[in-house]
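Data block for structure.cif (mmCIF, C-alpha atoms):
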```
data_run
loop_
_atom_site.label_atom_id
_atom_site.label_comp_id
_atom_site.auth_asym_id
_atom_site.auth_seq_id
_atom_site.Cartn_x
_atom_site.Cartn_y
_atom_site.Cartn_z
CA MET V 1 0.28 -21.23 -4.34
CA ASP V 2 -3.52 -21.11 -4.78
CA ARG V 3 -5.25 -19.71 -7.88
CA VAL V 4 -5.94 -16.30 -6.32
CA ALA V 5 -2.33 -15.91 -5.20
CA PHE V 6 -1.09 -16.98 -8.61
CA ALA V 7 -3.41 -14.52 -10.34
CA LEU V 8 -2.31 -11.59 -8.21
CA CYS V 9 1.37 -12.45 -8.59
CA SER V 10 0.85 -12.82 -12.36
CA LEU V 11 -0.52 -9.28 -12.49
CA PHE V 12 2.69 -7.95 -10.98
CA ALA V 13 4.86 -10.17 -13.15
CA VAL V 14 3.59 -8.44 -16.30
CA SER V 15 3.25 -4.93 -14.91
CA ALA V 16 4.55 -3.35 -11.73
CA LEU V 17 7.44 -5.77 -11.29
CA ALA V 18 8.87 -4.52 -14.55
CA GLU V 19 9.41 -1.17 -12.81
CA LYS V 20 12.46 -0.32 -10.74
CA PRO V 21 11.94 0.12 -6.98
CA VAL V 22 10.82 3.62 -6.09
CA ILE V 23 12.23 3.15 -2.58
CA ALA V 24 15.08 0.84 -1.57
CA TRP V 25 17.22 0.95 1.55
CA LYS V 26 19.09 -1.31 3.94
CA PRO V 27 18.18 -0.86 7.62
CA PRO V 28 20.30 -2.27 10.46
CA PRO V 29 19.80 -6.00 11.08
CA PRO V 30 16.50 -6.40 12.96
CA GLY V 31 16.41 -7.60 16.54
CA ASP V 32 13.83 -9.97 17.95
CA ASP V 33 11.84 -7.05 19.42
CA ASP V 34 12.01 -4.88 16.31
CA ARG V 35 9.01 -4.63 14.05
CA PRO V 36 9.50 -5.54 10.37
CA GLU V 37 10.56 -2.56 8.27
CA ILE V 38 10.01 -1.86 4.60
CA VAL V 39 13.19 -2.25 2.55
CA GLU V 40 11.83 -1.97 -0.99
CA VAL V 41 8.74 -0.58 -2.71
CA VAL V 42 7.72 -1.20 -6.32
CA LEU V 43 4.72 0.80 -7.51
CA GLY V 44 2.94 1.01 -10.84
CA PRO V 45 -0.45 2.17 -12.17
CA GLN V 46 -3.06 -0.35 -13.31
CA GLY V 47 -5.93 1.63 -14.78
CA SER V 48 -7.74 2.94 -11.70
CA ASP V 49 -5.56 0.92 -9.30
CA TYR V 50 -2.16 1.41 -7.72
CA ALA V 51 -0.26 -1.89 -7.79
CA PHE V 52 2.34 -2.41 -5.05
CA LYS V 53 5.00 -4.94 -4.24
CA ILE V 54 6.40 -4.15 -0.80
CA GLU V 55 9.37 -6.03 0.61
CA PHE V 56 10.10 -6.21 4.35
CA ASN V 57 13.32 -7.12 6.15
CA LYS V 58 11.49 -9.98 7.88
CA GLU V 59 8.05 -11.56 7.65
CA PRO V 60 5.54 -8.77 8.33
CA TRP V 61 2.73 -10.98 9.63
CA GLY V 62 2.11 -14.48 10.94
CA GLU V 63 3.34 -16.49 13.90
CA GLY V 64 6.98 -15.65 13.23
CA CYS V 65 6.72 -12.01 14.29
CA GLY V 66 4.62 -12.75 17.37
CA SER V 67 3.29 -9.54 18.90
CA ARG V 68 5.81 -7.35 17.03
CA CYS V 69 4.53 -7.60 13.48
CA ALA V 70 4.48 -4.89 10.83
CA ASN V 71 2.88 -1.50 11.35
CA ALA V 72 4.30 0.46 8.43
CA THR V 73 2.80 3.36 6.47
CA LEU V 74 3.46 4.58 2.96
CA PHE V 75 2.36 8.10 2.00
CA LEU V 76 1.39 8.83 -1.61
CA ASP V 77 1.26 12.28 -3.15
CA SER V 78 -0.92 11.07 -6.01
CA ASP V 79 -0.47 14.19 -8.16
CA ASN V 80 3.06 15.11 -6.99
CA ASN V 81 1.70 18.45 -5.83
CA LYS V 82 2.28 19.74 -2.29
CA ALA V 83 -0.57 22.23 -2.72
CA THR V 84 -3.08 19.38 -2.39
CA GLY V 85 -3.55 16.88 0.43
CA LEU V 86 -1.94 16.88 3.87
CA LYS V 87 -0.83 20.25 5.22
CA LEU V 88 1.69 19.68 8.01
CA LYS V 89 3.00 22.65 9.99
CA ASP V 90 6.37 22.13 8.31
CA PRO V 91 5.77 22.74 4.59
CA LYS V 92 9.13 21.10 3.84
CA ALA V 93 8.25 17.85 5.63
CA PRO V 94 8.31 14.97 3.13
CA GLU V 95 4.76 13.91 4.08
CA THR V 96 3.35 17.37 3.32
CA GLY V 97 1.20 17.13 0.20
CA ALA V 98 0.37 13.45 0.70
CA ASP V 99 -3.08 12.55 -0.60
CA LEU V 100 -3.15 8.92 0.55
CA ALA V 101 -1.75 6.81 3.38
CA VAL V 102 -1.47 3.03 3.07
CA THR V 103 -0.76 1.21 6.34
CA ILE V 104 0.28 -2.47 6.37
CA GLN V 105 -0.29 -4.25 9.67
CA GLY V 106 0.33 -7.75 10.92
CA VAL V 107 -2.31 -8.40 13.56
CA LYS V 108 -4.06 -11.23 15.36
CA GLU V 109 -7.79 -11.72 15.13
CA TYR V 110 -9.19 -13.40 18.23
CA LYS V 111 -12.03 -15.88 17.86
CA GLU V 112 -13.19 -18.30 20.51
CA GLY V 113 -10.19 -17.48 22.66
CA ALA V 114 -7.60 -18.20 19.96
CA GLY V 115 -5.51 -15.71 18.00
CA HIS V 116 -5.36 -16.04 14.21
CA PRO V 117 -2.68 -14.10 12.24
CA LEU V 118 -4.05 -11.61 9.74
CA LEU V 119 -2.46 -9.26 7.20
CA LYS V 120 -4.46 -6.04 7.26
CA VAL V 121 -4.27 -2.93 5.06
CA LYS V 122 -5.82 0.42 5.96
CA VAL V 123 -6.19 3.19 3.38
CA LYS V 124 -7.06 6.79 4.19
CA GLN V 125 -7.20 10.03 2.26
CA PHE V 126 -6.00 13.48 3.30
CA THR V 127 -7.95 16.55 2.28
CA GLU V 128 -6.51 20.05 2.36
CA ASP V 129 -8.07 20.50 5.81
CA ALA V 130 -5.84 17.80 7.31
CA THR V 131 -2.94 19.21 9.31
CA THR V 132 -1.80 15.98 11.02
CA VAL V 133 -1.44 12.40 9.81
CA GLU V 134 -4.21 11.38 12.22
CA GLN V 135 -6.80 13.54 10.42
CA GLY V 136 -7.18 11.45 7.28
CA ASN V 137 -10.56 10.07 6.17
CA GLU V 138 -10.51 6.28 6.28
CA LEU V 139 -11.48 4.98 2.83
CA VAL V 140 -11.22 1.23 3.20
CA GLU V 141 -9.82 -1.55 5.35
CA MET V 142 -8.82 -4.82 3.70
CA ASP V 143 -7.20 -8.11 4.67
CA GLN V 144 -5.83 -11.11 2.82
CA ARG V 145 -8.72 -13.29 3.95
CA THR V 146 -11.71 -11.28 2.69
CA ASP V 147 -9.92 -9.29 -0.05
CA SER V 148 -7.66 -11.98 -1.45
CA GLU V 149 -7.68 -10.49 -4.97
CA ARG V 150 -6.25 -7.24 -3.65
CA VAL V 151 -4.10 -8.24 -0.67
CA LEU V 152 -1.49 -11.01 -0.66
CA GLY V 153 1.35 -11.75 1.76
CA GLN V 154 4.01 -14.29 0.84
CA GLY V 155 7.12 -14.60 2.96
CA THR V 156 8.61 -11.14 3.34
CA SER V 157 6.64 -9.74 0.36
CA VAL V 158 3.26 -7.99 0.36
CA TYR V 159 1.31 -7.44 -2.88
CA LEU V 160 -1.47 -4.84 -2.99
CA LEU V 161 -3.97 -3.42 -5.43
CA ILE V 162 -5.40 -0.13 -4.14
CA ASP V 163 -8.47 1.19 -5.93
CA ALA V 164 -7.97 4.92 -6.51
CA ASN V 165 -11.65 5.34 -7.41
CA ILE V 166 -12.53 5.14 -3.72
CA GLY V 167 -12.64 8.67 -2.35
CA SER V 168 -11.73 11.68 -4.47
CA LEU V 169 -8.00 11.40 -5.09
CA PRO V 170 -6.25 13.79 -7.47
CA ALA V 171 -4.30 12.06 -10.23
CA GLY V 172 -1.12 13.07 -11.99
CA ALA V 173 1.48 11.71 -14.36
CA LYS V 174 3.84 11.20 -11.44
CA VAL V 175 3.32 9.92 -7.89
CA ARG V 176 5.60 10.84 -4.99
CA VAL V 177 6.05 8.04 -2.42
CA VAL V 178 7.25 8.59 1.15
CA TYR V 179 8.29 6.04 3.76
CA HIS V 180 9.59 7.19 7.13
CA PRO V 181 11.43 4.33 8.90
CA PRO V 182 11.70 4.45 12.70
CA ASP V 183 14.72 6.42 13.89
CA SER V 184 15.72 7.37 10.35
CA LYS V 185 15.14 10.14 7.86
CA ALA V 186 12.25 9.87 5.43
CA LEU V 187 12.80 8.07 2.13
CA VAL V 188 11.26 9.59 -1.00
CA GLY V 189 10.78 8.09 -4.44
CA TYR V 190 8.77 8.72 -7.60
CA ALA V 191 6.63 6.42 -9.73
CA GLN V 192 4.45 6.65 -12.82
CA GLY V 193 1.03 8.09 -12.00
CA LEU V 194 -2.47 7.11 -13.04
CA SER V 195 -2.66 9.78 -15.76
CA ALA V 196 0.69 8.86 -17.30
CA PRO V 197 0.62 7.55 -20.89
CA GLY V 198 0.19 3.77 -20.95
CA ALA V 199 -1.22 3.53 -17.42
CA SER V 200 -3.84 0.95 -18.34
CA ARG V 201 -5.39 -2.01 -16.55
CA VAL V 202 -3.74 -5.38 -17.20
CA GLU V 203 -6.03 -8.40 -17.26
CA ILE V 204 -5.09 -11.46 -15.26
CA PHE V 205 -5.63 -15.13 -15.99
CA LYS V 206 -7.87 -16.82 -13.44
CA ASP V 207 -10.10 -19.87 -13.53
CA GLY V 208 -9.41 -20.43 -17.22
CA LYS V 209 -10.28 -16.94 -18.43
CA LEU V 210 -9.03 -13.38 -18.48
CA THR V 211 -10.51 -11.11 -15.85
CA ASN V 212 -9.93 -7.86 -14.00
CA PRO V 213 -9.46 -7.53 -10.23
CA VAL V 214 -12.71 -7.11 -8.30
CA GLN V 215 -13.61 -3.50 -7.60
CA ARG V 216 -14.09 -2.54 -3.97
CA LYS V 217 -17.67 -1.78 -3.00
CA LYS V 218 -18.39 1.86 -2.33
CA SER V 219 -18.65 2.83 1.30
CA ALA V 220 -19.92 5.73 3.37
CA TYR V 221 -16.44 7.21 3.17
CA ASP V 222 -16.73 7.75 -0.61
CA LYS V 223 -18.48 11.04 -0.02
CA TYR V 224 -15.15 12.41 1.14
#
```
Please rewrite the model in this file as structure tokens.
Amino acid sequence: MDRVAFALCSLFAVSALAEKPVIAWKPPPPGDDDRPEIVEVVLGPQGSDYAFKIEFNKEPWGEGCGSRCANATLFLDSDNNKATGLKLKDPKAPETGADLAVTIQGVKEYKEGAGHPLLKVKVKQFTEDATTVEQGNELVEMDQRTDSERVLGQGTSVYLLIDANIGSLPAGAKVRVVYHPPDSKALVGYAQGLSAPGASRVEIFKDGKLTNPVQRKKSAYDKY
């Protein structure tokens, strides 16, 4: 494990991993043509970040999953309030009220005729004008190569730090988390929110000193 991987894992070891999974389920055994599915989500606040540990039922990216790698989305209702965020036609739909969508994808990046596996994360925000999941404003796109302090894939586990300062997300003491597996009902769980007591940033040990994760640079999408 390199220093960056160790640092990111250390952050979870002292913080989010102490939390119980907000979502846990056991899907049917995957077939060779089935995409990896999320089986467990651990989520905790880290100051202005959401810290995730996401477990899949098989490796979500890399050569092992070929052309059928992960393409899974978690929806976050960051203030646990259905009056904000996504407004689906069905007000009782679990995704209604989501303020954020985090999509984990295993892809191949082609350079000079060769495909290179890449773990990619896309984050988008839903305003109250959004009536479908396609209408979110893309906030940031990250991968484990260029954003190694915020994205890490090891085996069947994916570790993420999502900066909630990007965009204009509402914050609450509780976060509602939704994952909708293929051909199954939606799974819903609750985690501590950014405004909950004790939701503070945890420093990590890297290169011989304590430091905080690098903040994402602001983008044109921040105006949303």
TODO: Please work out which residues fall within 9 Å of (-3.7, 5.3, -6.8), coordinates as given in the file, with all atoms listed in the file counting, and return them as an MDAnalysis selection string.
DONE: chainID V and resid 44:46 48:51 76 78 100 161:165 169:171 175 193:194
Open item on the list: Under the rule that only C-alpha atoms are counted, which of V:Ile54, V:Val133, V:Ala70, V:Leu139 is the nearest residue to Ala93 in chain V?
Closed with: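 Nearest candidate to Ala93 in chain V out of V:Ile54, V:Val133, V:Ala70, V:Leu139: V:Val133.
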TODO: Would you work out the distance separating CA of Val188 in chain V from CA of Pro30 in chain V, expressed in Å to one decimal?
DONE: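 Value for the CA of Val188 in chain V-CA of Pro30 in chain V distance: 21.9 Å.
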Open item on the list: With only C-alpha atoms as the counted atoms, please give the residues lying no more than 7 Å from Asn137 in chain V, apart from itself and same-chain residues fewer than 5 positions off, as a list in words.
Closed with: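 Contacts, in chain order: Lys124, Gln125 and Phe126 of chain V.
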Open item on the list: I'd like the neighbourhood of Phe52 in chain V as a list in words, where a residue qualifies if any of its atoms comes within 6 Å (using only C-alpha atoms), though same-chain residues fewer than 2 positions away should be ignored.
Closed with: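 Those residues are Val42, Leu43, Tyr159 and Leu160 of chain V.
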Any chance you can output those residues with C-alpha atoms as a PDB file, in the coordinates of the input?
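Output saved as out-v1.pdb:
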```
ATOM      1  CA  VAL V  42       7.720  -1.200  -6.320  1.00  0.00           C
ATOM      2  CA  LEU V  43       4.720   0.800  -7.510  1.00  0.00           C
ATOM      3  CA  TYR V 159       1.310  -7.440  -2.880  1.00  0.00           C
ATOM      4  CA  LEU V 160      -1.470  -4.840  -2.990  1.00  0.00           C
TER       5      LEU V 160
END
```
